[in-house]
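Worksheet for the structure shown next.
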Amino acid sequence: MHSYTSIAVGTDGSATSLMAVRVAASLARVYGATLTVICAHYSASGSMLNATNAELSKIDIVSDSEARDILDSARKIAEEEEAPEVRLTTREGQPAQVLLEAAQEFGVDLLVVGNKGMRSLAGRFFGNIPGNVAKKAPVDVMLVDTRSQGHA
């Protein structure tokens with residue numbers, strides 16, 4: 001039987017990303033897996049200066065202190081879903097790249113992301129975080145349908 005031992009999920013604090021956290025935490029409980037919740041953040045002098053205009057127009061900017069608050073909300077959701085072990089981490093950088101690097105660093109075998117932006121016109125032309133993760137991840141990726149939140 002196939003099983004996951006380490007599941008990671010990305011969040012930016014949006015309702016749709018927290019929906020993905022809930023799904024990932026529930027899966028962690030079912031599989032008895034470690035859950036890693038990842039929040040990418042930017043500093044004014046850091047990686048944002050290296051981003052293209054297309055990337056900047058699509059990304060919600062999250063500060064380091066906001067990232068800690070977002071992770072606190074995600075931890076509460078993971079506790080509600082009874083995830084057995086929860087690891088919270090924040091990294092500076094572009095969200096898709098941060099998720100991929102953290103997944104490798106923590107030996108993740110399933111990455112969970114919300115599908116926000118996948119059906120948008122901008123997402124089709126410029127790319128989107130879930131699509132970029134799905135294309136580049138060396139592990140299984142689950143896309144959570146977040147349309148019920150009205151933000152897909």
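Scheme for the structure tokens: letters A, B, ... for chains in order shown; per-chain residue numbers from 1; ligand numbers from 1 in order shown.
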>> Env of Ser26 in chain A: 10 Å cut, atoms = only C-alpha atoms, seq-sep filter 3 positions within chain, self excluded. Answer as a list in words.
In response: Ala20, Val21, Arg22, Val23, Arg29, Val30, Tyr31, Gly32, Ala33, Leu35, Ile77, Ala78, Glu79, Glu80, Glu81, Glu82, Ala83 and Pro84 of chain A
> Contacts of range 5-10 of chain A at 8 Å or less, counting only C-alpha atoms, minus same-chain residues fewer than 3 places along, as an MDAnalysis selection string?
Replying inline: chainID A and resid 17 20:21 24 28 31:40 95 99 103 106:113
Same residues, C-alpha atoms, output as an mmCIF file, in the first residue's frame:
```
data_model
loop_
_atom_site.group_PDB
_atom_site.id
_atom_site.type_symbol
_atom_site.label_atom_id
_atom_site.label_comp_id
_atom_site.auth_asym_id
_atom_site.auth_seq_id
_atom_site.Cartn_x
_atom_site.Cartn_y
_atom_site.Cartn_z
ATOM 1 C CA SER A 17 -4.138 28.519 0.943
ATOM 2 C CA ALA A 20 -4.910 23.590 1.355
ATOM 3 C CA VAL A 21 -3.336 23.558 4.851
ATOM 4 C CA ALA A 24 -2.663 18.580 4.025
ATOM 5 C CA ALA A 28 -0.923 13.918 7.599
ATOM 6 C CA TYR A 31 -0.977 8.714 7.003
ATOM 7 C CA GLY A 32 0.701 9.444 10.340
ATOM 8 C CA ALA A 33 3.004 11.775 8.409
ATOM 9 C CA THR A 34 5.003 14.805 9.439
ATOM 10 C CA LEU A 35 3.398 18.008 8.141
ATOM 11 C CA THR A 36 5.622 20.893 7.083
ATOM 12 C CA VAL A 37 3.851 24.222 6.560
ATOM 13 C CA ILE A 38 5.852 26.666 4.456
ATOM 14 C CA CYS A 39 5.323 30.411 4.051
ATOM 15 C CA ALA A 40 7.415 32.402 1.582
ATOM 16 C CA PRO A 95 6.739 31.040 -3.428
ATOM 17 C CA LEU A 99 8.169 25.334 -1.784
ATOM 18 C CA ALA A 103 10.322 20.031 0.012
ATOM 19 C CA PHE A 106 12.766 18.270 4.505
ATOM 20 C CA GLY A 107 12.557 15.066 2.462
ATOM 21 C CA VAL A 108 8.904 15.613 1.585
ATOM 22 C CA ASP A 109 7.142 12.961 -0.490
ATOM 23 C CA LEU A 110 3.893 14.906 -1.091
ATOM 24 C CA LEU A 111 3.490 18.624 -1.779
ATOM 25 C CA VAL A 112 -0.003 20.106 -1.341
ATOM 26 C CA VAL A 113 -0.940 23.428 -2.937
#
```
> How many Å separate CA of Asp140 in chain A from CA of Leu27 in chain A?
Replying inline: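 Atom-to-atom, CA of Asp140 in chain A and CA of Leu27 in chain A are spaced 13.3 Å apart.
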> Which one is closest to Leu143 in chain A: A:Gln97, A:Ser65, A:Thr16, A:Ser3? Count only C-alpha atoms.
Replying inline: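 Looking at the shortest contact to Leu143 in chain A, the residue is A:Thr16.
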Within 10 Å of Ala96 in chain A using only C-alpha atoms, minus same-chain residues under 4 positions, as a PDB file with N, CA and C atoms, in the first residue's frame:
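This went into part-v8.pdb:
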```pdb
ATOM      1  N   GLY A  10       2.130  24.821   1.201  1.00  0.00           N
ATOM      2  CA  GLY A  10       2.482  26.229   1.213  1.00  0.00           C
ATOM      3  C   GLY A  10       1.271  27.069   1.554  1.00  0.00           C
ATOM      4  N   ALA A  40       6.373  31.584   2.219  1.00  0.00           N
ATOM      5  CA  ALA A  40       7.415  32.402   1.582  1.00  0.00           C
ATOM      6  C   ALA A  40       7.187  33.863   1.954  1.00  0.00           C
ATOM      7  N   LEU A 100       9.542  24.304  -3.481  1.00  0.00           N
ATOM      8  CA  LEU A 100      10.349  23.225  -4.054  1.00  0.00           C
ATOM      9  C   LEU A 100      11.629  22.986  -3.254  1.00  0.00           C
ATOM     10  N   GLU A 101      12.288  24.054  -2.845  1.00  0.00           N
ATOM     11  CA  GLU A 101      13.525  23.915  -2.061  1.00  0.00           C
ATOM     12  C   GLU A 101      13.240  23.323  -0.688  1.00  0.00           C
ATOM     13  N   VAL A 113      -0.760  22.012  -2.642  1.00  0.00           N
ATOM     14  CA  VAL A 113      -0.940  23.428  -2.937  1.00  0.00           C
ATOM     15  C   VAL A 113      -2.378  23.667  -3.381  1.00  0.00           C
ATOM     16  N   ASN A 128       1.730  30.267 -12.824  1.00  0.00           N
ATOM     17  CA  ASN A 128       1.136  30.419 -11.504  1.00  0.00           C
ATOM     18  C   ASN A 128       1.879  29.509 -10.545  1.00  0.00           C
ATOM     19  N   ILE A 129       1.733  29.771  -9.274  1.00  0.00           N
ATOM     20  CA  ILE A 129       2.482  29.016  -8.277  1.00  0.00           C
ATOM     21  C   ILE A 129       2.123  27.529  -8.319  1.00  0.00           C
ATOM     22  N   PRO A 130       0.835  27.138  -8.266  1.00  0.00           N
ATOM     23  CA  PRO A 130       0.540  25.703  -8.288  1.00  0.00           C
ATOM     24  C   PRO A 130       1.030  25.021  -9.564  1.00  0.00           C
ATOM     25  N   GLY A 131       0.852  25.675 -10.695  1.00  0.00           N
ATOM     26  CA  GLY A 131       1.309  25.079 -11.952  1.00  0.00           C
ATOM     27  C   GLY A 131       2.816  24.921 -11.997  1.00  0.00           C
ATOM     28  N   ASN A 132       3.542  25.933 -11.528  1.00  0.00           N
ATOM     29  CA  ASN A 132       5.003  25.850 -11.505  1.00  0.00           C
ATOM     30  C   ASN A 132       5.482  24.751 -10.573  1.00  0.00           C
ATOM     31  N   VAL A 133       4.836  24.628  -9.419  1.00  0.00           N
ATOM     32  CA  VAL A 133       5.209  23.568  -8.477  1.00  0.00           C
ATOM     33  C   VAL A 133       4.940  22.202  -9.102  1.00  0.00           C
ATOM     34  N   ALA A 134       3.757  22.036  -9.692  1.00  0.00           N
ATOM     35  CA  ALA A 134       3.392  20.744 -10.281  1.00  0.00           C
ATOM     36  C   ALA A 134       4.361  20.337 -11.393  1.00  0.00           C
ATOM     37  N   LYS A 136       7.562  21.256 -11.751  1.00  0.00           N
ATOM     38  CA  LYS A 136       8.965  21.118 -11.352  1.00  0.00           C
ATOM     39  C   LYS A 136       9.222  20.194 -10.166  1.00  0.00           C
ATOM     40  N   ALA A 137       8.193  19.811  -9.446  1.00  0.00           N
ATOM     41  CA  ALA A 137       8.390  19.022  -8.221  1.00  0.00           C
ATOM     42  C   ALA A 137       8.872  17.612  -8.540  1.00  0.00           C
TER      43      ALA A 137
END
```
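The coordinates place CA of Pro138 in chain A at 20.6 Å from CA of Arg87 in chain A.
CA of Leu88 in chain A lies 17.0 Å from CA of Tyr42 in chain A.
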>> Taking the DSSP secondary structure from the backbone, can you list the residues of range 52-106 of chain A that are alpha helix (DSSP H), as a PyMOL selection string?
In response: chain A and resi 53-58+64-80+95-105
> Closest to Val86 in chain A among A:Val98, A:Leu71, A:Val62, A:Val144, using only C-alpha atoms?
Replying inline: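 Result for the nearest residue to Val86 in chain A: A:Leu71.
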